[in-house]
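Text of my_file-v4.txt, listed as compact mmCIF, C-alpha atoms:
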# COMPACT_ATOMS: atom_id res chain seq x y z
CA MET A 1 -3.46 -1.39 15.97
CA PHE A 2 -1.39 0.78 13.62
CA ILE A 3 -2.83 2.48 10.54
CA ASP A 4 -0.67 4.40 8.08
CA LEU A 5 -1.54 8.05 7.55
CA ASP A 6 -2.09 7.43 3.82
CA THR A 7 -5.26 5.46 4.58
CA MET A 8 -9.00 6.21 4.33
CA ILE A 9 -11.20 5.14 7.23
CA ASN A 10 -14.52 4.34 5.63
CA GLY A 11 -16.41 2.22 8.16
CA ASP A 12 -16.48 0.28 11.43
CA LEU A 13 -13.06 -0.85 12.68
CA ALA A 14 -14.40 -3.26 15.31
CA PRO A 15 -13.68 -6.44 13.24
CA PHE A 16 -9.97 -5.59 13.26
CA PHE A 17 -9.90 -6.21 17.02
CA ASP A 18 -11.55 -9.65 16.99
CA ASP A 19 -8.33 -11.72 17.10
CA LYS A 20 -6.16 -10.54 19.97
CA ASP A 21 -3.62 -13.40 20.02
CA THR A 22 -1.92 -13.21 16.62
CA PHE A 23 0.16 -10.60 14.82
CA GLN A 24 -2.02 -9.54 11.91
CA ALA A 25 -1.03 -7.49 8.89
CA ILE A 26 -1.81 -7.13 5.21
CA GLY A 27 -1.02 -10.47 3.60
CA PRO A 28 -1.01 -11.96 0.11
CA LYS A 29 -4.64 -13.06 0.52
CA SER A 30 -5.90 -9.91 2.24
CA TRP A 31 -7.34 -8.65 -1.02
CA THR A 32 -8.35 -10.29 -4.24
CA LYS A 33 -7.03 -8.47 -7.28
CA ARG A 34 -9.92 -6.99 -9.20
CA ARG A 35 -8.00 -6.83 -12.45
CA GLY A 36 -6.68 -9.84 -14.27
CA LYS A 37 -3.22 -10.23 -15.73
CA HIS A 38 -1.59 -7.38 -17.57
CA PRO A 39 -1.14 -7.76 -21.33
CA ALA A 40 1.75 -9.98 -22.38
CA VAL A 41 3.78 -7.04 -23.68
CA TYR A 42 3.51 -5.35 -20.26
CA ARG A 43 4.66 -8.50 -18.45
CA TRP A 44 7.62 -8.64 -20.85
CA LEU A 45 8.49 -4.98 -20.33
CA LYS A 46 8.03 -4.77 -16.54
CA PRO A 47 11.35 -6.42 -15.48
CA LYS A 48 13.19 -4.23 -17.99
CA ILE A 49 11.48 -1.10 -16.64
CA ARG A 50 12.27 -2.14 -13.06
CA ALA A 51 15.94 -2.76 -13.95
CA LEU A 52 16.13 0.74 -15.45
CA GLU A 53 14.54 2.20 -12.29
CA HIS A 54 17.19 0.44 -10.19
CA LYS A 55 19.95 1.81 -12.43
CA LEU A 56 18.62 5.38 -12.22
CA GLY A 57 18.14 5.14 -8.46
CA LEU A 58 14.33 5.41 -8.67
CA ALA A 59 13.71 2.06 -6.94
CA PRO A 60 15.63 0.02 -4.34
CA PRO A 61 18.03 -2.57 -5.77
CA PRO A 62 17.02 -6.23 -5.70
CA LEU A 63 18.02 -8.19 -2.62
CA PRO A 64 21.20 -10.29 -2.84
CA SER A 65 20.38 -13.79 -4.10
CA THR A 66 23.61 -15.63 -3.33
CA GLY A 67 25.96 -16.24 -0.45
CA LYS A 68 25.16 -15.58 3.18
CA HIS A 69 22.05 -13.48 2.46
CA MET A 70 20.04 -16.31 0.90
CA GLU A 71 18.21 -16.91 4.19
CA ILE A 72 16.51 -13.51 3.96
CA ALA A 73 13.16 -14.18 2.31
CA PRO A 74 11.37 -11.55 0.23
CA THR A 75 8.38 -10.00 1.94
CA ASN A 76 4.69 -10.52 1.22
CA MET A 77 3.59 -8.60 4.32
CA GLY A 78 2.17 -5.09 4.36
CA THR A 79 2.43 -3.07 7.57
CA GLY A 80 0.14 -0.29 6.40
CA ILE A 81 -2.45 -1.78 8.77
CA PHE A 82 -1.22 -4.20 11.45
CA ALA A 83 -2.12 -5.17 15.02
CA PHE A 84 -0.71 -7.18 17.92
CA ASP A 85 -0.90 -7.42 21.69
CA ILE A 86 1.19 -4.76 23.41
CA GLY A 87 4.46 -6.28 24.59
CA ALA A 88 4.04 -9.49 22.59
CA HIS A 89 6.93 -8.98 20.15
CA THR A 90 9.69 -7.15 21.99
CA ASP A 91 12.14 -9.70 20.52
CA ILE A 92 11.81 -7.95 17.15
CA VAL A 93 12.83 -4.62 18.69
CA HIS A 94 15.78 -6.29 20.41
CA ALA A 95 16.88 -7.92 17.13
CA LEU A 96 16.86 -4.52 15.44
CA CYS A 97 18.80 -2.84 18.25
CA LEU A 98 21.52 -5.51 18.17
CA ASP A 99 22.72 -4.44 14.71
CA VAL A 100 20.87 -1.49 13.15
CA PRO A 101 23.39 -0.96 10.28
CA ARG A 102 23.00 -4.59 9.21
CA ALA A 103 19.20 -4.30 9.27
CA LEU A 104 19.32 -1.15 7.14
CA ARG A 105 21.69 -2.84 4.70
CA LEU A 106 19.88 -6.13 4.22
CA TYR A 107 16.17 -5.30 4.51
CA ARG A 108 14.16 -3.13 2.15
CA ASN A 109 11.89 -1.61 4.80
CA GLU A 110 10.30 -2.25 8.19
CA GLN A 111 7.78 -4.82 6.92
CA HIS A 112 10.57 -6.86 5.35
CA PHE A 113 12.45 -6.88 8.66
CA VAL A 114 9.36 -7.65 10.75
CA GLN A 115 8.23 -10.57 8.60
CA ASN A 116 11.69 -12.16 8.67
CA HIS A 117 11.76 -11.98 12.48
CA LEU A 118 8.21 -13.16 13.20
CA LYS A 119 7.60 -16.81 13.95
CA ASP A 120 3.92 -16.61 13.03
CA TRP A 121 1.51 -14.05 11.64
CA GLN A 122 -1.81 -13.86 9.78
CA GLY A 123 -3.06 -11.70 6.95
CA TRP A 124 -6.28 -9.73 7.29
CA PRO A 125 -9.20 -11.58 5.68
CA ASP A 126 -10.20 -10.81 2.11
CA LYS A 127 -12.78 -8.02 1.66
CA THR A 128 -11.58 -6.32 4.83
CA ILE A 129 -9.20 -3.78 3.27
CA CYS A 130 -9.79 -2.16 -0.09
CA SER A 131 -6.74 -1.52 -2.24
CA VAL A 132 -6.76 1.53 -4.51
CA LYS A 133 -4.48 -0.26 -6.98
CA TYR A 134 -6.21 -3.64 -6.93
CA HIS A 135 -9.88 -2.78 -6.48
CA LEU A 136 -10.45 0.77 -7.67
CA ARG A 137 -8.30 1.24 -10.75
CA ARG A 138 -9.90 1.24 -14.17
CA PRO A 139 -8.84 -1.13 -16.93
CA ILE A 140 -5.79 0.09 -18.80
CA TRP A 141 -7.79 1.19 -21.82
CA GLN A 142 -10.10 3.32 -19.63
CA SER A 143 -7.63 4.76 -17.13
CA PHE A 144 -6.64 7.75 -19.26
CA PHE A 145 -10.12 9.23 -19.28
CA ARG A 146 -11.90 7.70 -16.25
CA HIS A 147 -10.93 8.26 -12.62
CA PRO A 148 -10.54 5.41 -10.10
CA MET A 149 -13.83 3.99 -8.87
CA PRO A 150 -15.30 4.92 -5.45
CA PRO A 151 -14.64 2.42 -2.64
CA PRO A 152 -17.15 -0.44 -2.31
CA SER A 153 -19.61 -0.46 0.58
CA TRP A 154 -17.93 -3.49 2.20
CA ALA A 155 -14.60 -1.69 2.77
CA PRO A 156 -14.03 -0.11 6.21
CA ILE A 157 -10.45 0.78 5.19
CA VAL A 158 -9.06 1.96 1.85
CA ALA A 159 -5.29 1.44 1.57
CA PHE A 160 -3.02 3.61 -0.58
CA HIS A 161 0.06 1.41 -0.91
CA GLY A 162 2.67 2.66 -3.33
CA ASP A 163 1.24 5.23 -5.73
CA PRO A 164 -1.01 7.17 -5.73
CA ARG A 165 -0.94 8.84 -2.34
CA PRO A 166 -4.17 10.32 -0.99
CA MET A 167 -2.89 13.83 -1.70
CA ASP A 168 -2.50 12.91 -5.38
CA MET A 169 -6.23 12.26 -5.61
CA ALA A 170 -7.00 15.84 -4.58
CA MET A 171 -4.50 17.63 -6.81
CA ASN A 172 -5.22 18.93 -10.30
CA ARG A 173 -2.38 17.15 -12.07
CA VAL A 174 -1.40 13.86 -13.66
CA SER A 175 -1.50 10.98 -11.18
CA ARG A 176 -0.40 7.42 -11.64
CA LEU A 177 -0.56 3.99 -10.05
CA ARG A 178 3.19 3.30 -10.34
CA GLU A 179 2.36 0.76 -13.04
CA PHE A 180 2.30 2.56 -16.40
CA PRO A 181 -0.04 3.13 -18.21
CA ASN A 182 -2.49 3.31 -15.27
CA MET A 183 -2.88 7.07 -14.83
CA TRP A 184 -5.46 9.84 -14.87
CA ILE A 185 -5.62 13.64 -14.97
CA GLY A 186 -7.23 15.94 -12.39
CA ARG A 187 -8.88 15.69 -8.98
CA VAL A 188 -10.89 12.59 -8.10
CA ALA A 189 -14.37 13.78 -7.11
CA TRP A 190 -15.25 11.08 -4.57
CA PHE A 191 -11.96 11.56 -2.71
CA CYS A 192 -12.37 15.35 -2.65
CA ASP A 193 -15.84 14.89 -1.16
CA TYR A 194 -14.38 12.58 1.50
CA TRP A 195 -11.67 15.12 2.29
CA ASP A 196 -14.21 17.92 2.54
CA LYS A 197 -16.39 15.89 4.91
CA HIS A 198 -13.72 14.59 7.27
CA SER A 199 -10.71 16.90 7.14
CA GLY A 200 -10.19 19.71 9.58
CA GLY A 201 -7.28 20.98 7.51
CA SER A 202 -7.03 23.87 5.08
CA HIS A 203 -8.84 23.37 1.80
CA THR A 204 -10.90 25.32 -0.67
CA LYS A 205 -13.78 24.53 -2.97
CA VAL A 206 -12.96 24.17 -6.67
CA ASP A 207 -15.67 23.16 -9.15
CA GLY A 208 -17.84 22.00 -6.27
CA HIS A 209 -15.11 19.84 -4.69
CA SER A 210 -12.34 20.41 -2.18
CA LYS A 211 -8.84 21.31 -3.23
CA VAL A 212 -6.02 20.74 -0.76
CA ASN A 213 -3.94 23.85 -0.06
With the file now loaded, output its structure as structure tokens.
Amino acid sequence: MFIDLDTMINGDLAPFFDDKDTFQAIGPKSWTKRRGKHPAVYRWLKPKIRALEHKLGLAPPPLPSTGKHMEIAPTNMGTGIFAFDIGAHTDIVHALCLDVPRALRLYRNEQHFVQNHLKDWQGWPDKTICSVKYHLRRPIWQSFFRHPMPPPSWAPIVAFHGDPRPMDMAMNRVSRLREFPNMWIGRVAWFCDYWDKHSGGSHTKVDGHSKVN
């Protein structure tokens, strides 16, 4: 079982080891989005914002959609938390080693490559992994003056995919969720308390909460 460093362990991990025969990762049904659809104006603006990010080099370019690359499907897998039997998928490593430059050219990241070379995989069940962006963010009209909500009691793992990173939650600055206008200002109290309780690193108390040095 692999867990990204930008992840909060918040409970018992035993259920993640129940199925030992299938490659399991974060899938499209691994979490139910807490928030509904964005406002229509945001949905209209998002592709234009993304195109500008591509032009400025702030986001990877879209995958080729014509010619010989059409067989490469977009990914809906997340490898922030994934598990498999040791030795079960050496074919994926061999496929990468055969042509590393091609893999780097055609695939966005490791999860895109892995999904396109797996014959079968399963997503973690819903209400197993809590997403900061999907479960904890405030509605757009509240996000400027209310911090993200604390994790629910059912979540043994809290995933920070994309923005913000865990470090952002402990810093006294403007943080965002990569999707404007979801942002807040200052340290998030519940995360600072978690850091203070579990971290053996260097930190100091500020206003009753930990500040990362």
Within 6 Å of (11.7, -7.1, 1.7), in the coordinates the file gives, what residues turn up when you count only C-alpha atoms, written out as a PDB file with C-alpha atoms, in the coordinates of the input?
ATOM      1  CA  PRO A  74      11.370 -11.550   0.230  1.00  0.00           C
ATOM      2  CA  THR A  75       8.380 -10.000   1.940  1.00  0.00           C
ATOM      3  CA  TYR A 107      16.170  -5.300   4.510  1.00  0.00           C
ATOM      4  CA  ARG A 108      14.160  -3.130   2.150  1.00  0.00           C
ATOM      5  CA  HIS A 112      10.570  -6.860   5.350  1.00  0.00           C
TER       6      HIS A 112
END
- Pick out the residues sitting within 12 Å of Met183 of chain A, and hand them over as a PyMOL selection string; count all atoms listed in the file, and ignore anything fewer than 6 positions along from it in its own chain. chain A and resi 133+137-148+163-164+168-169+173-177
- Message: Can you measure atom CA of Asp4 of chain A to atom CA of Ser153 of chain A for me? One decimal in Å is fine.
- Response: 20.9 Å
- Hey, can you pull every residue with an atom no more than 9 Å from (-8.4, -12.1, 10.1), using all atoms listed in the file, and send it as a list of chain:residue names?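 The answer, in the requested form, is A:Pro15, A:Phe16, A:Asp18, A:Asp19, A:Gln24, A:Ala25, A:Ser30, A:Gln122, A:Gly123, A:Trp124, A:Pro125, A:Asp126, A:Thr128.
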Around all listed atoms of segment 19-28 of chain A, padded 3 Å per side, what centre and edge lengths does the axis-aligned box have in Å to one decimal, as lines of an AutoDock Vina configuration file?
center_x = -4.1
center_y = -10.3
center_z = 10.1
size_x = 14.5
size_y = 12.3
size_z = 25.9
- Message: Quick check, in Å to one decimal: how far apart do atom CA of Phe191 of chain A and atom CA of Tyr134 of chain A lie?
- Response: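 Atom CA of Tyr134 of chain A lies 16.8 Å from atom CA of Phe191 of chain A.
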- Query: Which one of A:Gln115, A:Ile157, A:Pro47, A:Thr22 sits closest to Ala88 of chain A if you count all atoms listed in the file?
  - Reply: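 The answer is A:Thr22, which sits nearest to Ala88 of chain A.
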- In Å, with one decimal, what is the gap from atom CA of Trp31 of chain A to atom CA of Thr7 of chain A?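 Interatomic distance here is 15.3 Å.
Restricting the calculation to all atoms listed in the file, the smallest distance between Gly162 of chain A and any of A:Ala14, A:Leu118, A:Pro101, A:Asp6 is found for A:Asp6.
Distances to His135 of chain A were evaluated for A:Ile49, A:Val114, A:Leu98, A:Ala159 using only C-alpha atoms, and the minimum falls at A:Ala159.
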- What's the 10 Å shell around Pro156 of chain A, counting all atoms listed in the file, without same-chain residues fewer than 5 positions away, as number ranges by chain? A: 8-16, 127-130, 151
- Message: From the options A:Phe2, A:Phe113, A:Trp190, A:Trp44, which residue's atoms come nearest to Val100 of chain A, counting only C-alpha atoms?
- Response: A:Phe113
- Message: Here is a test: counting all atoms listed in the file, which residue of A:Pro28, A:Gly80, A:Cys97, A:Pro166 is nearest to Ile3 of chain A?
- Response: A:Gly80
- Task: Name the residues in contact with Thr79 of chain A at a cut-off of 6 Å, using only C-alpha atoms, excluding same-chain residues fewer than 2 positions from it; report them as a PyMOL selection string.
- Result: chain A and resi 25+81-82+111
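The smallest atom-to-atom distance between His117 of chain A and any of A:Leu104, A:Ile72, A:Pro152, A:Ile86, using only C-alpha atoms, is found for A:Ile72.
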